[in-house]
Each structure stands twice: as structure tokens, then as C-alpha cells.
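The file final27.pdb contains PDB, C-alpha atoms:
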ATOM      1  CA  MET A 457    -109.320-110.362 129.063
ATOM      2  CA  LEU A 458    -108.686-106.632 129.385
ATOM      3  CA  TYR A 459    -106.285-104.934 127.017
ATOM      4  CA  PRO A 460    -104.545-101.616 127.600
ATOM      5  CA  PRO A 461    -105.849 -98.747 125.466
ATOM      6  CA  GLN A 462    -104.223 -98.549 122.073
ATOM      7  CA  SER A 463    -103.107 -95.365 120.416
ATOM      8  CA  PRO A 464    -105.371 -94.058 117.662
ATOM      9  CA  SER A 465    -104.540 -94.931 114.093
ATOM     10  CA  PRO A 466    -102.608 -92.462 111.929
ATOM     11  CA  LEU A 467    -105.824 -91.637 110.044
ATOM     12  CA  VAL A 468    -107.548 -90.591 113.274
ATOM     13  CA  ASN A 469    -104.523 -88.547 114.337
ATOM     14  CA  ASP A 470    -104.449 -86.841 110.927
ATOM     15  CA  TRP A 471    -108.178 -86.055 111.128
ATOM     16  CA  ILE A 472    -107.821 -84.594 114.627
ATOM     17  CA  GLU A 473    -104.832 -82.516 113.515
ATOM     18  CA  ARG A 474    -106.787 -81.008 110.601
ATOM     19  CA  HIS A 475    -109.892 -80.185 112.701
ATOM     20  CA  ARG A 476    -108.620 -78.106 115.630
ATOM     21  CA  ASP A 477    -111.163 -75.257 115.560
ATOM     22  CA  PRO A 478    -114.325 -76.101 117.581
ATOM     23  CA  ARG A 479    -116.453 -74.250 114.998
ATOM     24  CA  SER A 480    -115.070 -76.538 112.308
ATOM     25  CA  PHE A 481    -115.991 -79.568 114.393
ATOM     26  CA  VAL A 482    -119.588 -78.324 114.780
ATOM     27  CA  LEU A 483    -119.855 -77.613 111.043
ATOM     28  CA  HIS A 484    -118.615 -81.136 110.320
ATOM     29  CA  LEU A 485    -121.076 -82.499 112.885
ATOM     30  CA  PHE A 486    -123.918 -81.189 110.705
ATOM     31  CA  GLY A 487    -122.228 -81.377 107.312
ATOM     32  CA  ILE A 488    -121.187 -85.028 107.281
ATOM     33  CA  PRO A 489    -124.664 -86.463 108.061
ATOM     34  CA  GLY A 490    -126.240 -84.101 105.523
ATOM     35  CA  THR A 491    -123.845 -85.240 102.825
ATOM     36  CA  ILE A 492    -124.407 -88.914 103.624
ATOM     37  CA  LEU A 493    -128.191 -88.508 103.747
ATOM     38  CA  GLY A 494    -128.127 -86.746 100.380
ATOM     39  CA  VAL A 495    -126.251 -89.687  98.858
ATOM     40  CA  LEU A 496    -128.600 -92.214 100.458
ATOM     41  CA  LEU A 497    -131.670 -90.439  99.035
ATOM     42  CA  MET A 498    -130.451 -90.769  95.436
ATOM     43  CA  PRO A 499    -131.627 -94.401  94.998
ATOM     44  CA  ILE A 500    -135.047 -93.364  96.325
ATOM     45  CA  TYR A 501    -135.146 -90.646  93.681
ATOM     46  CA  LEU A 502    -134.249 -93.204  91.006
ATOM     47  CA  LEU A 503    -137.064 -95.506  92.150
ATOM     48  CA  LEU A 504    -139.713 -92.786  92.388
ATOM     49  CA  LEU A 505    -138.367 -90.353  89.760
ATOM     50  CA  SER A 506    -139.531 -87.602  92.072
ATOM     51  CA  ILE A 507    -138.126 -84.143  91.361
ATOM     52  CA  PRO A 508    -138.783 -82.917  94.955
ATOM     53  CA  VAL A 509    -136.848 -85.901  96.389
ATOM     54  CA  PHE A 510    -133.992 -85.203  93.974
ATOM     55  CA  ALA A 511    -133.944 -81.498  94.868
ATOM     56  CA  PHE A 512    -133.971 -82.307  98.587
ATOM     57  CA  ALA A 513    -131.150 -84.847  98.185
ATOM     58  CA  LEU A 514    -129.115 -82.389  96.131
ATOM     59  CA  VAL A 515    -129.590 -79.592  98.676
ATOM     60  CA  LEU A 516    -128.580 -81.923 101.517
ATOM     61  CA  PHE A 517    -125.520 -83.168  99.633
ATOM     62  CA  LEU A 518    -124.258 -79.770  98.477
ATOM     63  CA  GLY A 519    -125.178 -78.089 101.755
ATOM     64  CA  GLY A 520    -123.335 -80.742 103.740
ATOM     65  CA  PHE A 521    -120.236 -80.371 101.592
ATOM     66  CA  GLY A 522    -120.508 -76.604 101.849
ATOM     67  CA  LEU A 523    -120.554 -76.768 105.649
ATOM     68  CA  GLN A 524    -117.498 -79.015 105.653
ATOM     69  CA  PHE A 525    -115.575 -76.769 103.266
ATOM     70  CA  LEU A 526    -116.495 -73.769 105.435
ATOM     71  CA  GLY A 527    -115.112 -75.640 108.448
ATOM     72  CA  HIS A 528    -111.845 -76.229 106.640
ATOM     73  CA  ALA A 529    -111.692 -72.566 105.650
ATOM     74  CA  LEU A 530    -112.009 -71.656 109.347
ATOM     75  CA  ASP A 531    -109.299 -74.170 110.237
ATOM     76  CA  GLY A 532    -107.054 -73.067 107.401
ATOM     77  CA  THR A 533    -106.609 -76.688 106.307
ATOM     78  CA  GLU A 534    -107.210 -78.516 103.075
ATOM     79  CA  PRO A 535    -110.303 -80.753 102.870
ATOM     80  CA  GLY A 536    -109.578 -84.476 102.741
ATOM     81  CA  GLU A 537    -111.283 -84.839  99.373
ATOM     82  CA  ILE A 538    -108.940 -82.269  97.803
ATOM     83  CA  ARG A 539    -105.916 -83.906  99.455
ATOM     84  CA  GLY A 540    -107.029 -87.292  98.150
ATOM     85  CA  LEU A 541    -107.471 -85.986  94.619
ATOM     86  CA  ARG A 542    -104.052 -84.315  94.688
ATOM     87  CA  MET A 543    -102.372 -87.494  95.924
ATOM     88  CA  TRP A 544    -104.205 -89.587  93.308
ATOM     89  CA  TRP A 545    -103.207 -87.148  90.553
ATOM     90  CA  ALA A 546     -99.550 -87.145  91.691
ATOM     91  CA  ARG A 547     -99.419 -90.972  91.755
ATOM     92  CA  ARG A 548    -100.999 -91.120  88.337
ATOM     93  CA  ARG A 549     -98.565 -88.563  86.907
ATOM     94  CA  GLU A 550     -95.637 -90.439  88.461
ATOM     95  CA  ALA A 551     -96.826 -93.756  87.005
ATOM     96  CA  ARG A 552     -97.121 -92.179  83.558
ATOM     97  CA  ALA A 553     -93.623 -90.732  83.846
ATOM     98  CA  GLN A 554     -92.203 -94.136  84.792
ATOM     99  CA  ALA A 555     -94.041 -95.898  81.971
ATOM    100  CA  ARG A 556     -92.758 -93.440  79.373
ATOM    101  CA  PRO A 557     -89.581 -94.599  77.599
ATOM    102  CA  PRO A 558     -86.510 -92.455  78.253
ATOM    103  CA  ARG A 559     -85.910 -89.659  75.808
ATOM    104  CA  MET A 560     -83.232 -90.197  73.219
ATOM    105  CA  SER A 561     -80.719 -87.398  73.120
ATOM    106  CA  MET A 562     -79.095 -86.313  69.927
ATOM    107  CA  ALA A 563     -75.450 -87.184  69.979
ATOM    108  CA  TYR A 564     -73.219 -84.700  68.297
ATOM    109  CA  PRO A 565     -70.315 -86.392  66.541
ATOM    110  CA  GLU A 566     -68.014 -83.501  67.455
ATOM    111  CA  ALA A 567     -68.753 -83.955  71.172
ATOM    112  CA  GLU A 568     -67.938 -87.647  70.975
ATOM    113  CA  ARG A 569     -64.572 -86.944  69.360
ATOM    114  CA  GLY A 570     -63.627 -84.395  71.995
ATOM    115  CA  ARG A 571     -63.903 -81.315  69.735
ATOM    116  CA  ALA A 572     -66.775 -79.683  71.599
TER     117      ALA A 572
END

Would you encode the structure as C-alpha cells?
Amino acid sequence: MLYPPQSPSPLVNDWIERHRDPRSFVLHLFGIPGTILGVLLMPIYLLLLSIPVFAFALVLFLGGFGLQFLGHALDGTEPGEIRGLRMWWARRREARAQARPPRMSMAYPEAERGRA
């Protein structure tokens, strides 16, 4: 059975909205695979304990992130990782504020009697 095309998810729409500049898209095209490959090489480094493999993985990872951050600088948008950290920090701060008992205020006897 054929289904009509569905609209993209909100995450896809948000990603497209934050990556309007074609230069940013090209930088992400190279930066994302470099970052992923750097992460995937880490277990190989742990197995071999090879300093050159570690250095290569680190350069790929940091270089890939650098390209992506440069793309966001060209776009004038905030990287998703920073947005995620800010949202996580705000939720955490809000949860702590809700878990904290309400502050007790000092009651002044004069104010209660209407002499204030």
C-alpha cells in the first residue's frame, strides 16, 4: 500500500532551521563523520594501546567538532550540544528548586497586630 508523504519530524525541522548557510552544511558534511570516526577509533586504541591511533582519533574527533562549531558560527546559531547542555542544566536547576523546602519568613509580631 502506498502512503502519502509525511511531514518531517520537529527534530528534522529544527535541524534544517539551524543550518541554513550552505557553507555550514558542507562543514557539517565533513565534521560529523570525522567526529563519529574519532569516537569509533577509541576502542581500537584501548585494545592496541597505540599512541598514534589515539592521536589520530583525537585529531579526527576535535577536528570534526571544530568544523561543526565553525559552521554554526557562520550560521549564527547555537550548536545542538550547547543547547542540550543548557536545557539539561535548566531542568536540573528547576528540579532542585522544586525539591527545596520553602523558605520560612520571619514574622514580626508588630506586623501581625496591625502596628506596622

Expected selection from the PyMOL selection byres ((chain A and resi 526) around 12), given as number ranges by chain: A: 475, 477, 479-484, 486-487, 519-525, 527-535

Given the point (-135.3, -88.7, 94.6) in the coordinates of this file, which residues lie within 12 Å, counting all atoms listed in the file, and how would they look as an MDAnalysis selection string? chainID A and resid 493:516

Separation of atom CA of Phe517 of chain A from atom CA of Asp470 of chain A in Å: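 Result for atom CA of Asp470 of chain A versus atom CA of Phe517 of chain A: 24.2 Å, one decimal.
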
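Between atom CA of Ile538 of chain A and atom CA of Trp471 of chain A there is a distance of 13.9 Å.
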
What does the distance between atom CA of Arg552 of chain A and atom CA of Gly540 of chain A come to in Å, to one decimal place? 18.3 Å
